[in-house]
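The file model.txt contains compact mmCIF, C-alpha atoms and all ligand atoms:
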# COMPACT_ATOMS: atom_id res chain seq x y z
CA LEU A 1 2.24 -17.72 -13.20
CA GLY A 2 4.65 -20.08 -11.45
CA HIS A 3 8.39 -20.74 -11.57
CA PRO A 4 8.54 -22.31 -15.07
CA ALA A 5 7.00 -19.14 -16.53
CA GLY A 6 9.51 -17.07 -14.54
CA ASP A 7 12.36 -19.13 -15.96
CA ALA A 8 11.04 -18.70 -19.48
CA VAL A 9 10.92 -14.92 -19.00
CA LEU A 10 14.51 -14.86 -17.68
CA GLN A 11 15.72 -16.88 -20.68
CA GLU A 12 13.95 -14.58 -23.11
CA VAL A 13 15.36 -11.49 -21.35
CA ALA A 14 18.87 -12.97 -21.53
CA LEU A 15 18.47 -13.59 -25.27
CA ARG A 16 17.24 -10.09 -25.96
CA LEU A 17 20.06 -8.54 -23.94
CA ARG A 18 22.68 -10.63 -25.76
CA ASN A 19 21.29 -9.87 -29.22
CA ASP A 20 22.03 -6.18 -28.89
CA LEU A 21 25.59 -6.45 -27.58
CA ARG A 22 29.04 -7.01 -29.08
CA GLY A 23 30.98 -10.26 -28.83
CA VAL A 24 33.38 -8.70 -26.31
CA ASP A 25 30.55 -7.72 -23.95
CA THR A 26 29.47 -9.98 -21.10
CA VAL A 27 25.93 -10.58 -19.86
CA ALA A 28 25.57 -12.35 -16.53
CA ARG A 29 22.64 -13.03 -14.29
CA LEU A 30 23.42 -11.91 -10.73
CA GLY A 31 20.42 -13.65 -9.23
CA GLY A 32 16.67 -13.14 -9.00
CA ASP A 33 15.70 -10.68 -11.70
CA GLU A 34 19.04 -8.87 -11.82
CA PHE A 35 21.50 -8.94 -14.68
CA ALA A 36 24.94 -7.35 -14.96
CA ILE A 37 26.51 -6.33 -18.24
CA VAL A 38 30.18 -5.55 -18.77
CA LEU A 39 31.01 -3.26 -21.70
CA PRO A 40 34.79 -3.13 -22.23
CA ASN A 41 36.23 0.06 -23.71
CA THR A 42 32.99 1.95 -23.32
CA ASP A 43 32.55 5.15 -21.32
CA ALA A 44 29.42 6.21 -19.38
CA THR A 45 28.04 8.04 -22.44
CA GLY A 46 28.39 4.87 -24.49
CA ALA A 47 26.74 2.87 -21.74
CA VAL A 48 23.81 5.30 -21.73
CA ARG A 49 23.39 4.70 -25.47
CA VAL A 50 23.46 0.92 -24.96
CA SER A 51 20.93 1.23 -22.11
CA GLY A 52 18.49 2.96 -24.43
CA LYS A 53 18.88 0.15 -26.97
CA LEU A 54 18.39 -2.57 -24.37
CA LEU A 55 15.24 -0.94 -23.02
CA VAL A 56 13.80 -0.84 -26.54
CA ALA A 57 14.75 -4.51 -27.01
CA LEU A 58 12.80 -5.42 -23.87
CA GLU A 59 9.67 -3.53 -24.93
CA PRO A 60 7.86 -6.06 -27.16
CA GLY A 61 5.54 -8.36 -25.20
CA MET A 62 6.67 -11.94 -24.43
CA GLN A 63 4.55 -14.98 -25.14
CA VAL A 64 4.74 -17.33 -22.17
CA ASP A 65 2.21 -20.16 -21.79
CA GLY A 66 -0.25 -18.30 -23.97
CA ASN A 67 0.07 -15.12 -21.90
CA ASN A 68 1.35 -11.89 -23.37
CA LEU A 69 3.68 -10.51 -20.70
CA SER A 70 5.31 -7.11 -20.69
CA ILE A 71 8.66 -6.59 -19.03
CA ASP A 72 10.21 -3.42 -17.76
CA ALA A 73 13.77 -2.85 -16.60
CA SER A 74 15.73 -0.26 -14.66
CA ILE A 75 19.41 0.16 -15.46
CA GLY A 76 22.18 1.54 -13.28
CA ILE A 77 25.50 2.51 -14.86
CA ALA A 78 28.94 2.67 -13.28
CA ALA A 79 32.18 3.41 -15.15
CA PHE A 80 35.78 2.31 -14.58
CA PRO A 81 37.91 4.00 -13.36
CA GLU A 82 35.80 7.11 -12.47
CA HIS A 83 33.41 5.35 -10.11
CA GLY A 84 35.63 2.60 -8.73
CA ASP A 85 38.60 0.38 -9.41
CA SER A 86 37.27 -2.94 -8.13
CA SER A 87 34.38 -5.09 -9.29
CA ASP A 88 32.82 -4.81 -5.81
CA LEU A 89 32.87 -1.05 -5.88
CA LEU A 90 31.59 -0.87 -9.47
CA LEU A 91 28.71 -3.23 -8.70
CA ARG A 92 27.81 -1.21 -5.63
CA CYS A 93 27.79 2.04 -7.66
CA ALA A 94 25.72 0.40 -10.40
CA ASP A 95 23.28 -0.82 -7.76
CA ILE A 96 22.88 2.65 -6.30
CA ALA A 97 22.40 4.13 -9.77
CA MET A 98 19.75 1.48 -10.48
CA TYR A 99 17.79 2.50 -7.36
CA VAL A 100 17.96 6.09 -8.53
CA ALA A 101 16.60 4.99 -11.92
CA LYS A 102 13.76 3.14 -10.19
CA ARG A 103 12.92 5.94 -7.83
CA THR A 104 12.94 8.65 -10.46
CA ARG A 105 11.30 6.34 -13.02
CA SER A 106 13.95 7.48 -15.50
CA ARG A 107 14.61 3.81 -16.48
CA TYR A 108 18.38 4.27 -16.54
CA ALA A 109 20.81 6.40 -14.53
CA ALA A 110 24.55 6.75 -14.29
CA TYR A 111 26.15 6.73 -10.86
CA SER A 112 26.52 10.11 -9.20
CA SER A 113 28.19 10.61 -5.84
CA THR A 114 25.65 13.24 -4.74
CA GLU A 115 22.84 10.71 -5.08
CA ASP A 116 25.00 8.16 -3.32
CA ARG A 117 24.56 9.37 0.25
CA HIS A 118 20.82 9.73 -0.21
CA THR A 119 20.45 6.33 -1.85
CA ALA A 120 22.79 4.56 0.55
CA SER A 121 20.75 5.79 3.50
CA ARG A 122 17.61 4.74 1.69
CA LEU A 123 18.98 1.23 1.15
CA THR A 124 19.84 1.09 4.86
CA LEU A 125 16.27 2.14 5.62
CA VAL A 126 14.98 -0.71 3.45
CA SER A 127 17.06 -3.24 5.35
CA ASP A 128 15.95 -1.65 8.66
CA LEU A 129 12.33 -2.05 7.57
CA ARG A 130 12.95 -5.68 6.67
CA HIS A 131 14.50 -6.17 10.09
CA ALA A 132 11.57 -4.44 11.81
CA LEU A 133 9.13 -6.72 9.99
CA ASP A 134 11.04 -9.82 11.04
CA ASN A 135 11.30 -8.70 14.65
CA ASP A 136 7.88 -7.27 15.42
CA GLY A 137 9.31 -3.76 15.18
CA LEU A 138 6.17 -2.20 13.71
CA GLU A 139 3.05 -1.23 15.64
CA LEU A 140 -0.58 -0.81 14.80
CA HIS A 141 -2.69 2.09 15.95
CA TYR A 142 -6.46 2.00 15.68
CA GLN A 143 -8.70 4.90 14.74
CA PRO A 144 -12.33 4.59 15.87
CA LYS A 145 -15.04 4.83 13.26
CA ILE A 146 -18.34 6.25 14.50
CA ASP A 147 -21.91 5.77 13.31
CA ILE A 148 -23.01 9.33 12.72
CA HIS A 149 -26.67 8.80 13.65
CA SER A 150 -26.33 6.67 16.79
CA ASP A 151 -23.01 8.22 17.88
CA ARG A 152 -21.70 4.69 18.48
CA ILE A 153 -18.20 3.39 17.82
CA VAL A 154 -18.83 0.68 15.23
CA GLY A 155 -15.32 -0.14 14.13
CA VAL A 156 -11.66 0.79 13.94
CA GLU A 157 -9.13 1.23 11.15
CA ALA A 158 -5.67 -0.29 11.69
CA LEU A 159 -2.84 2.09 10.75
CA ALA A 160 0.79 1.00 10.70
CA ARG A 161 3.41 2.84 12.76
CA TRP A 162 7.19 2.53 12.63
CA ARG A 163 9.36 3.79 15.44
CA HIS A 164 12.86 3.59 14.02
CA PRO A 165 15.54 2.95 16.67
CA VAL A 166 17.71 5.80 15.31
CA HIS A 167 15.51 8.07 13.21
CA GLY A 168 12.49 7.98 15.50
CA PHE A 169 8.95 8.03 14.16
CA ILE A 170 8.69 7.44 10.42
CA PRO A 171 5.17 8.12 9.06
CA PRO A 172 3.43 5.49 6.92
CA ASP A 173 3.31 7.95 4.02
CA GLN A 174 7.08 7.38 3.85
CA PHE A 175 7.63 3.73 4.65
CA ILE A 176 4.62 2.28 2.82
CA PRO A 177 5.89 3.57 -0.58
CA LEU A 178 9.34 2.23 0.36
CA ALA A 179 7.79 -1.17 1.05
CA GLU A 180 5.85 -0.98 -2.21
CA GLN A 181 8.99 -0.31 -4.23
CA THR A 182 11.01 -3.11 -2.68
CA GLY A 183 8.63 -6.04 -2.45
CA LEU A 184 8.32 -5.67 1.33
CA ILE A 185 4.67 -4.70 1.02
CA ARG A 186 3.63 -8.35 0.93
CA PRO A 187 5.18 -9.33 4.31
CA LEU A 188 4.10 -5.94 5.69
CA THR A 189 0.46 -6.44 4.71
CA HIS A 190 0.56 -10.00 6.04
CA TRP A 191 1.91 -8.71 9.34
CA VAL A 192 -0.76 -5.98 9.56
CA LEU A 193 -3.56 -8.42 8.75
CA ALA A 194 -2.38 -10.97 11.31
CA ARG A 195 -1.88 -8.35 14.00
CA ALA A 196 -5.17 -6.56 13.36
CA LEU A 197 -7.17 -9.80 13.39
CA ALA A 198 -5.45 -10.96 16.59
CA GLN A 199 -6.43 -7.63 18.17
CA ALA A 200 -10.00 -7.80 16.87
CA ALA A 201 -10.37 -11.36 18.18
CA GLU A 202 -9.05 -10.24 21.57
CA LEU A 203 -11.62 -7.42 21.71
CA GLU A 204 -14.38 -9.89 20.81
CA ARG A 205 -13.23 -12.10 23.65
CA GLN A 206 -13.88 -9.12 25.93
CA GLY A 207 -17.33 -8.77 24.40
CA ILE A 208 -16.50 -5.73 22.28
CA ILE A 209 -17.86 -6.13 18.77
CA LEU A 210 -16.21 -3.87 16.19
CA THR A 211 -15.40 -3.98 12.52
CA MET A 212 -11.67 -4.04 11.76
CA ALA A 213 -10.46 -2.18 8.66
CA VAL A 214 -7.06 -2.93 7.10
CA ASN A 215 -5.45 -1.00 4.25
CA LEU A 216 -4.26 -2.85 1.16
CA SER A 217 -1.73 -1.49 -1.27
CA VAL A 218 -2.11 -1.63 -5.05
CA ARG A 219 0.71 -4.20 -5.08
CA ASN A 220 -1.27 -6.54 -2.84
CA LEU A 221 -3.93 -6.76 -5.56
CA GLN A 222 -1.36 -8.37 -7.86
CA ASP A 223 -0.85 -11.19 -5.36
CA PRO A 224 -3.11 -14.16 -6.16
CA ASP A 225 -2.20 -15.74 -2.79
CA LEU A 226 -3.67 -12.88 -0.75
CA PRO A 227 -7.24 -14.26 -0.50
CA GLY A 228 -5.87 -17.59 0.77
CA PHE A 229 -3.80 -15.80 3.39
CA VAL A 230 -6.80 -13.74 4.55
CA GLN A 231 -8.95 -16.86 4.74
CA ALA A 232 -6.34 -18.70 6.83
CA GLN A 233 -6.06 -15.76 9.24
CA LEU A 234 -9.84 -15.47 9.60
CA LEU A 235 -9.96 -19.16 10.46
CA LYS A 236 -7.03 -18.94 12.83
CA TRP A 237 -8.65 -16.14 14.85
CA GLN A 238 -12.20 -17.40 14.37
CA TYR A 239 -13.10 -13.92 13.21
CA PRO A 240 -16.34 -13.39 11.27
CA PRO A 241 -15.36 -12.37 7.70
CA ALA A 242 -18.13 -9.78 7.48
CA ARG A 243 -16.48 -7.74 10.24
CA LEU A 244 -13.19 -7.46 8.35
CA ILE A 245 -13.09 -4.51 5.96
CA LEU A 246 -10.32 -4.26 3.38
CA GLU A 247 -9.64 -0.73 2.18
CA ILE A 248 -8.35 -0.25 -1.34
CA THR A 249 -7.57 3.19 -2.69
CA GLU A 250 -9.52 4.45 -5.62
CA SER A 251 -6.33 4.84 -7.64
CA ALA A 252 -5.45 1.18 -6.97
CA VAL A 253 -8.68 -0.12 -8.45
CA MET A 254 -8.39 2.34 -11.30
CA ALA A 255 -5.00 0.84 -12.16
CA ASP A 256 -7.27 -1.77 -13.66
CA SER A 257 -5.18 -4.88 -13.99
CA PRO A 258 -7.08 -8.12 -14.65
CA ASN A 259 -5.48 -9.57 -11.51
CA ALA A 260 -6.85 -6.82 -9.29
CA THR A 261 -10.43 -7.61 -10.24
CA ALA A 262 -9.88 -11.33 -9.59
CA VAL A 263 -8.19 -10.76 -6.22
CA VAL A 264 -10.83 -8.28 -5.02
CA THR A 265 -13.60 -10.63 -6.14
CA ALA A 266 -11.98 -13.58 -4.34
CA LEU A 267 -11.64 -11.51 -1.15
CA HIS A 268 -15.27 -10.46 -1.40
CA ASP A 269 -16.31 -14.08 -1.93
CA LEU A 270 -14.77 -14.89 1.47
CA GLY A 271 -17.45 -12.63 2.92
CA VAL A 272 -15.03 -9.80 3.64
CA ALA A 273 -16.24 -6.22 3.08
CA ILE A 274 -14.47 -4.10 0.45
CA SER A 275 -14.10 -0.37 0.89
CA ILE A 276 -12.85 2.24 -1.59
CA ASP A 277 -10.44 4.54 0.24
CA ASP A 278 -9.60 8.16 -0.57
CA PHE A 279 -12.62 8.36 -2.83
CA GLY A 280 -12.70 11.51 -4.93
CA THR A 281 -8.96 11.71 -5.57
CA GLY A 282 -8.75 9.17 -8.38
CA TYR A 283 -11.13 10.84 -10.83
CA SER A 284 -13.11 7.65 -11.32
CA SER A 285 -16.83 7.44 -11.66
CA LEU A 286 -18.86 5.37 -9.26
CA GLY A 287 -20.22 3.65 -12.35
CA HIS A 288 -16.76 2.44 -13.27
CA LEU A 289 -16.17 1.16 -9.74
CA ARG A 290 -19.29 -0.99 -10.03
CA LYS A 291 -17.38 -3.80 -11.67
CA PHE A 292 -15.74 -4.32 -8.29
CA PRO A 293 -17.85 -5.89 -5.55
CA ILE A 294 -17.69 -2.96 -3.13
CA ASP A 295 -19.57 -2.32 0.09
CA GLU A 296 -18.36 1.09 1.24
CA ILE A 297 -16.71 4.23 0.01
CA LYS A 298 -14.62 6.55 2.15
CA ILE A 299 -14.73 10.13 1.00
CA ASP A 300 -11.23 11.56 0.99
CA ARG A 301 -10.43 13.98 3.75
CA SER A 302 -9.43 16.69 1.28
CA PHE A 303 -13.13 17.03 0.32
CA VAL A 304 -14.45 16.58 3.83
CA MET A 305 -12.12 19.17 5.33
CA ASP A 306 -13.14 21.59 2.61
CA ILE A 307 -16.92 21.36 2.85
CA LEU A 308 -17.30 24.36 5.14
CA ALA A 309 -14.95 26.60 3.17
CA HIS A 310 -16.10 25.79 -0.35
CA ALA A 311 -19.65 25.20 -1.46
CA GLU A 312 -18.48 23.03 -4.39
CA SER A 313 -16.93 20.48 -2.02
CA GLY A 314 -20.24 20.29 -0.16
CA ILE A 315 -22.07 19.74 -3.43
CA ILE A 316 -19.66 16.96 -4.44
CA VAL A 317 -19.92 15.24 -1.06
CA ASN A 318 -23.70 15.49 -1.16
CA ALA A 319 -23.83 14.02 -4.68
CA VAL A 320 -21.42 11.20 -3.82
CA ILE A 321 -23.44 10.23 -0.75
CA GLY A 322 -26.69 10.21 -2.72
CA LEU A 323 -25.26 8.14 -5.54
CA ALA A 324 -23.53 5.70 -3.18
CA HIS A 325 -26.74 5.15 -1.24
CA ASN A 326 -28.64 4.50 -4.44
CA LEU A 327 -26.04 1.88 -5.30
CA GLY A 328 -26.49 0.27 -1.87
CA LEU A 329 -23.11 1.37 -0.51
CA THR A 330 -22.38 2.89 2.87
CA VAL A 331 -20.38 6.11 3.08
CA THR A 332 -17.65 7.06 5.55
CA GLY A 333 -16.37 10.61 5.83
CA GLU A 334 -12.67 10.87 6.69
CA GLY A 335 -10.80 13.74 8.30
CA VAL A 336 -13.59 15.10 10.50
CA GLU A 337 -11.67 17.70 12.48
CA ASN A 338 -14.47 19.71 14.08
CA GLN A 339 -18.09 19.67 15.16
CA GLU A 340 -19.28 21.84 12.26
CA ILE A 341 -18.04 19.32 9.71
CA LEU A 342 -19.61 16.52 11.72
CA ASP A 343 -22.96 18.33 11.82
CA LEU A 344 -22.89 19.02 8.10
CA LEU A 345 -22.01 15.39 7.26
CA ALA A 346 -24.92 14.26 9.44
CA LYS A 347 -27.22 16.60 7.54
CA LEU A 348 -25.91 15.20 4.24
CA ASP A 349 -26.80 11.70 5.53
CA CYS A 350 -23.25 10.34 5.69
CA ASP A 351 -23.26 6.98 7.55
CA THR A 352 -20.00 6.79 9.48
CA VAL A 353 -17.15 9.17 10.26
CA GLN A 354 -13.52 9.16 11.30
CA GLY A 355 -11.36 12.07 12.32
CA TYR A 356 -9.28 13.79 14.95
CA HIS A 357 -12.41 15.48 16.32
CA LEU A 358 -13.74 12.05 17.31
CA SER A 359 -10.47 10.30 18.06
CA ARG A 360 -6.93 10.10 16.79
CA PRO A 361 -5.53 6.68 15.93
CA LEU A 362 -4.67 5.03 19.28
CA PRO A 363 -2.29 2.27 20.39
CA ALA A 364 -4.12 -0.92 21.43
CA GLU A 365 -4.09 -0.21 25.18
CA ALA A 366 -5.30 3.37 24.70
CA LEU A 367 -8.02 2.09 22.37
CA VAL A 368 -9.32 -0.31 25.01
CA GLU A 369 -9.26 2.56 27.53
CA HIS A 370 -11.09 4.81 25.05
CA LEU A 371 -13.69 2.11 24.42
CA ARG A 372 -14.23 1.71 28.18
CA ARG A 373 -14.74 5.43 28.62
CA HIS A 374 -17.23 5.41 25.76
CA ALA A 375 -18.74 2.11 26.84
CA LYS A 376 -22.27 3.29 26.18
CA GLN A 377 -21.30 4.07 22.62
CA VAL A 378 -19.80 0.69 21.87
CA ALA A 379 -21.80 -2.17 20.48
CA HIS A 380 -21.56 -5.14 22.85
CA ALA A 381 -21.91 -8.77 22.04
CA SER A 382 -25.33 -8.96 23.65
CA VAL A 383 -26.88 -6.26 21.50
CA THR A 384 -25.44 -6.94 18.07
CA ARG A 385 -25.84 -9.63 15.45
P1 LIG B 401 -5.49 6.46 4.99
O1 LIG B 401 -5.79 5.02 4.79
O2 LIG B 401 -6.32 7.45 4.25
O3 LIG B 401 -5.56 6.69 6.56
C1 LIG B 401 -6.09 7.83 7.15
C2 LIG B 401 -4.99 8.79 7.51
O4 LIG B 401 -5.59 10.02 7.93
C3 LIG B 401 -4.17 8.32 8.72
O5 LIG B 401 -2.86 8.80 8.55
C4 LIG B 401 -4.85 9.05 9.87
O6 LIG B 401 -4.01 9.23 10.98
C5 LIG B 401 -5.17 10.38 9.21
N1 LIG B 401 -6.30 11.07 9.86
C6 LIG B 401 -7.31 10.54 10.55
N2 LIG B 401 -8.17 11.49 10.97
C7 LIG B 401 -7.68 12.66 10.52
C8 LIG B 401 -8.10 14.04 10.63
O7 LIG B 401 -9.13 14.36 11.25
N3 LIG B 401 -7.33 14.97 10.03
C9 LIG B 401 -6.20 14.65 9.36
N4 LIG B 401 -5.49 15.65 8.80
N5 LIG B 401 -5.76 13.38 9.22
C10 LIG B 401 -6.49 12.40 9.80
P2 LIG B 401 -1.61 7.85 8.72
O8 LIG B 401 -1.85 6.90 9.83
O9 LIG B 401 -0.42 8.74 8.77
O10 LIG B 401 -1.61 7.00 7.41
C11 LIG B 401 -1.37 7.59 6.17
C12 LIG B 401 -1.61 6.63 5.05
O11 LIG B 401 -0.65 5.57 5.06
C13 LIG B 401 -2.96 5.92 5.13
O12 LIG B 401 -3.95 6.78 4.62
C14 LIG B 401 -2.71 4.72 4.27
O13 LIG B 401 -2.84 5.05 2.92
C15 LIG B 401 -1.25 4.41 4.55
N6 LIG B 401 -1.20 3.32 5.53
C16 LIG B 401 -1.21 3.38 6.89
N7 LIG B 401 -1.13 2.13 7.41
C17 LIG B 401 -1.10 1.26 6.37
C18 LIG B 401 -1.03 -0.17 6.24
O14 LIG B 401 -1.01 -0.94 7.23
N8 LIG B 401 -0.99 -0.69 4.98
C19 LIG B 401 -1.03 0.11 3.88
N9 LIG B 401 -1.00 -0.46 2.65
N10 LIG B 401 -1.12 1.45 3.95
C20 LIG B 401 -1.15 2.02 5.18
CA CA B 402 -7.57 3.83 4.86
CA CA B 403 -8.24 7.53 3.32
Here is a file; write its structure as structure tokens.
Amino acid sequence: LGHPAGDAVLQEVALRLRNDLRGVDTVARLGGDEFAIVLPNTDATGAVRVSGKLLVALEPGMQVDGNNLSIDASIGIAAFPEHGDSSDLLLRCADIAMYVAKRTRSRYAAYSSTEDRHTASRLTLVSDLRHALDNDGLELHYQPKIDIHSDRIVGVEALARWRHPVHGFIPPDQFIPLAEQTGLIRPLTHWVLARALAQAAELERQGIILTMAVNLSVRNLQDPDLPGFVQAQLLKWQYPPARLILEITESAVMADSPNATAVVTALHDLGVAISIDDFGTGYSSLGHLRKFPIDEIKIDRSFVMDILAHAESGIIVNAVIGLAHNLGLTVTGEGVENQEILDLLAKLDCDTVQGYHLSRPLPAEALVEHLRRHAKQVAHASVTR
């Protein structure tokens, strides 16, 4: 909504905070969207009571430029002298307590030394991740995606990897949520997009034509600048938009913010393909998903891995494939770990598959090697569109 709207929100927040406090209390803005409040002669219990009041005061929507905005806050509490005897120390403790409040979604939390070590190491991890992003410290691995009927490799999915200099390999299931909670998801997604498109363009230069799939986080769908960034990258690498697939989890589209629909539509208008990831875990109906311009659904691996063991999973997968095809969507099965699952998915008329049985995600060099070894199964420039 722009900086003026941001300023208006900050002013309104400041007013609401001040309204509920005593004359002796101090409200100060620390910077960005952070405020500090000093409550003289108040213990931690009193501060908890004040926190509850402030959160209630922030609840009513704010009218800014004709938009009704809702604001949420997380509050960290530190008390003098129990938690520290200097303003630096107290601010640090309050900061740590605030991260605990965010992480546990409890909205406010008082400082506790047992949480401290955990949170302090987490804050270090956040700054390490920021550093890794600034210094090319992340990697992408690529998992081949295979056309089930022709047995050809038709694309790859880019998956982020972080090798931490001290802690070693940190799986994306851990650092992606960290990035989502700290605003780093935007630079991270930009980095992944740029890297994946550079790699895809390099493969094309070698005559290897593949689709490139990149995962988006729910937070990315709140970013109205994302379509512009994607467009600029496509231009930069001269990559055909139709071969870029953006994967959005079912739960992200179900979150249903008006922005998400606009961003997804703008991405689709660029000619980029939209895929619904982890389908089956978000309890949505395909009908509901129809308001998004989607091209593919990826059936979550929990269903796929289960189709041999439980007949119901097979029935669900079968129904999803039938419905998706009727709606003109292609279907990818994830988590294919053995030949039996592959055979069954082929029988159920699934279109494409991914899984350890076919290939694990591979670093770029190993991917090129894998593609060479399976040269007959790769679409080459001469034989594709
Ligand atoms: P996802 O998008 O569902 O990615 C597929 C995950 O399944 C990958 O885990 C992949 O290694 C794993 N996988 C593939 N085949 C098999 C199989 O046969 N069996 C089993 N058990 N697993 C298989 P990975 O790479 O650890 O990624 C986990 C999740 O982290 C991804 O799930 C995705 O949600 C997220 N993620 C990874 N990279 C990115 C990224 O660049 N951006 C965003 N926003 N999220 C990412
Ligand atoms: Ca995915
Ligand atoms: Ca998935």
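By chain and then residue number, the residues within 9 Å of Ala364 in chain A are Leu140, His141, Tyr142, Gln199, Leu367, Val368 and Glu369 of chain A, counting all atoms listed in the file and disregarding those fewer than 3 positions away in sequence.
Residues in contact with ligand CA 402 (chain B) (atom pairs separated by at most 9 Å; only C-alpha atoms and all ligand atoms) are Glu157, Ala158, Leu159, Ala213, Val214, Asn215, Leu216, Leu246, Glu247, Ile248, Thr249, Ser275, Ile276, Asp277, Asp278, Lys298 and Glu334 of chain A.
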Check which residues of chain A sit at most 9 Å from ligand LIG 401 (chain B) using only C-alpha atoms and all ligand atoms, and return one row each with the closest pair of atoms and their distance in Å to one decimal, ordered by chain and rising number, as JSON lines.
{"residue": "A:Leu140", "atom": "CA", "partner": "B:LIG401", "partner_atom": "O14", "distance": 7.6}
{"residue": "A:His141", "atom": "CA", "partner": "B:LIG401", "partner_atom": "O8", "distance": 7.8}
{"residue": "A:Tyr142", "atom": "CA", "partner": "B:LIG401", "partner_atom": "O8", "distance": 8.9}
{"residue": "A:Gln143", "atom": "CA", "partner": "B:LIG401", "partner_atom": "C6", "distance": 7.2}
{"residue": "A:Glu157", "atom": "CA", "partner": "B:LIG401", "partner_atom": "O3", "distance": 8.0}
{"residue": "A:Ala158", "atom": "CA", "partner": "B:LIG401", "partner_atom": "O14", "distance": 6.5}
{"residue": "A:Leu159", "atom": "CA", "partner": "B:LIG401", "partner_atom": "N7", "distance": 3.8}
{"residue": "A:Ala160", "atom": "CA", "partner": "B:LIG401", "partner_atom": "N7", "distance": 4.0}
{"residue": "A:Arg161", "atom": "CA", "partner": "B:LIG401", "partner_atom": "N7", "distance": 7.1}
{"residue": "A:Pro171", "atom": "CA", "partner": "B:LIG401", "partner_atom": "O9", "distance": 5.6}
{"residue": "A:Pro172", "atom": "CA", "partner": "B:LIG401", "partner_atom": "O11", "distance": 4.5}
{"residue": "A:Asp173", "atom": "CA", "partner": "B:LIG401", "partner_atom": "O11", "distance": 4.7}
{"residue": "A:Gln174", "atom": "CA", "partner": "B:LIG401", "partner_atom": "O11", "distance": 8.0}
{"residue": "A:Phe175", "atom": "CA", "partner": "B:LIG401", "partner_atom": "O11", "distance": 8.5}
{"residue": "A:Ile176", "atom": "CA", "partner": "B:LIG401", "partner_atom": "N10", "distance": 5.9}
{"residue": "A:Pro177", "atom": "CA", "partner": "B:LIG401", "partner_atom": "N9", "distance": 8.6}
{"residue": "A:Ala179", "atom": "CA", "partner": "B:LIG401", "partner_atom": "N9", "distance": 9.0}
{"residue": "A:Glu180", "atom": "CA", "partner": "B:LIG401", "partner_atom": "N9", "distance": 8.4}
{"residue": "A:Ile185", "atom": "CA", "partner": "B:LIG401", "partner_atom": "N9", "distance": 7.3}
{"residue": "A:Leu188", "atom": "CA", "partner": "B:LIG401", "partner_atom": "O14", "distance": 7.3}
{"residue": "A:Thr189", "atom": "CA", "partner": "B:LIG401", "partner_atom": "N8", "distance": 5.9}
{"residue": "A:Trp191", "atom": "CA", "partner": "B:LIG401", "partner_atom": "O14", "distance": 8.6}
{"residue": "A:Val192", "atom": "CA", "partner": "B:LIG401", "partner_atom": "O14", "distance": 5.6}
{"residue": "A:Leu193", "atom": "CA", "partner": "B:LIG401", "partner_atom": "O14", "distance": 8.0}
{"residue": "A:Val214", "atom": "CA", "partner": "B:LIG401", "partner_atom": "O14", "distance": 6.4}
{"residue": "A:Asn215", "atom": "CA", "partner": "B:LIG401", "partner_atom": "N8", "distance": 4.5}
{"residue": "A:Leu216", "atom": "CA", "partner": "B:LIG401", "partner_atom": "N9", "distance": 4.3}
{"residue": "A:Ser217", "atom": "CA", "partner": "B:LIG401", "partner_atom": "N9", "distance": 4.1}
{"residue": "A:Val218", "atom": "CA", "partner": "B:LIG401", "partner_atom": "N9", "distance": 7.9}
{"residue": "A:Arg219", "atom": "CA", "partner": "B:LIG401", "partner_atom": "N9", "distance": 8.8}
{"residue": "A:Asn220", "atom": "CA", "partner": "B:LIG401", "partner_atom": "N9", "distance": 8.2}
{"residue": "A:Glu247", "atom": "CA", "partner": "B:LIG401", "partner_atom": "O1", "distance": 7.4}
{"residue": "A:Ile248", "atom": "CA", "partner": "B:LIG401", "partner_atom": "N9", "distance": 8.4}
{"residue": "A:Thr249", "atom": "CA", "partner": "B:LIG401", "partner_atom": "O13", "distance": 7.6}
{"residue": "A:Asp277", "atom": "CA", "partner": "B:LIG401", "partner_atom": "O2", "distance": 6.4}
{"residue": "A:Asp278", "atom": "CA", "partner": "B:LIG401", "partner_atom": "O2", "distance": 5.9}
{"residue": "A:Lys298", "atom": "CA", "partner": "B:LIG401", "partner_atom": "O2", "distance": 8.6}
{"residue": "A:Asp300", "atom": "CA", "partner": "B:LIG401", "partner_atom": "O2", "distance": 7.2}
{"residue": "A:Arg301", "atom": "CA", "partner": "B:LIG401", "partner_atom": "C9", "distance": 7.1}
{"residue": "A:Ser302", "atom": "CA", "partner": "B:LIG401", "partner_atom": "N4", "distance": 8.6}
{"residue": "A:Met305", "atom": "CA", "partner": "B:LIG401", "partner_atom": "N3", "distance": 7.9}
{"residue": "A:Glu334", "atom": "CA", "partner": "B:LIG401", "partner_atom": "N2", "distance": 6.2}
{"residue": "A:Gly335", "atom": "CA", "partner": "B:LIG401", "partner_atom": "O7", "distance": 3.4}
{"residue": "A:Val336", "atom": "CA", "partner": "B:LIG401", "partner_atom": "O7", "distance": 4.6}
{"residue": "A:Glu337", "atom": "CA", "partner": "B:LIG401", "partner_atom": "O7", "distance": 4.4}
{"residue": "A:Asn338", "atom": "CA", "partner": "B:LIG401", "partner_atom": "O7", "distance": 8.1}
{"residue": "A:Gln354", "atom": "CA", "partner": "B:LIG401", "partner_atom": "N2", "distance": 5.8}
{"residue": "A:Gly355", "atom": "CA", "partner": "B:LIG401", "partner_atom": "O7", "distance": 3.4}
{"residue": "A:Tyr356", "atom": "CA", "partner": "B:LIG401", "partner_atom": "O7", "distance": 3.7}
{"residue": "A:His357", "atom": "CA", "partner": "B:LIG401", "partner_atom": "O7", "distance": 6.1}
{"residue": "A:Leu358", "atom": "CA", "partner": "B:LIG401", "partner_atom": "O7", "distance": 8.0}
{"residue": "A:Ser359", "atom": "CA", "partner": "B:LIG401", "partner_atom": "N2", "distance": 7.5}
{"residue": "A:Arg360", "atom": "CA", "partner": "B:LIG401", "partner_atom": "N2", "distance": 6.1}
{"residue": "A:Pro361", "atom": "CA", "partner": "B:LIG401", "partner_atom": "O6", "distance": 5.8}
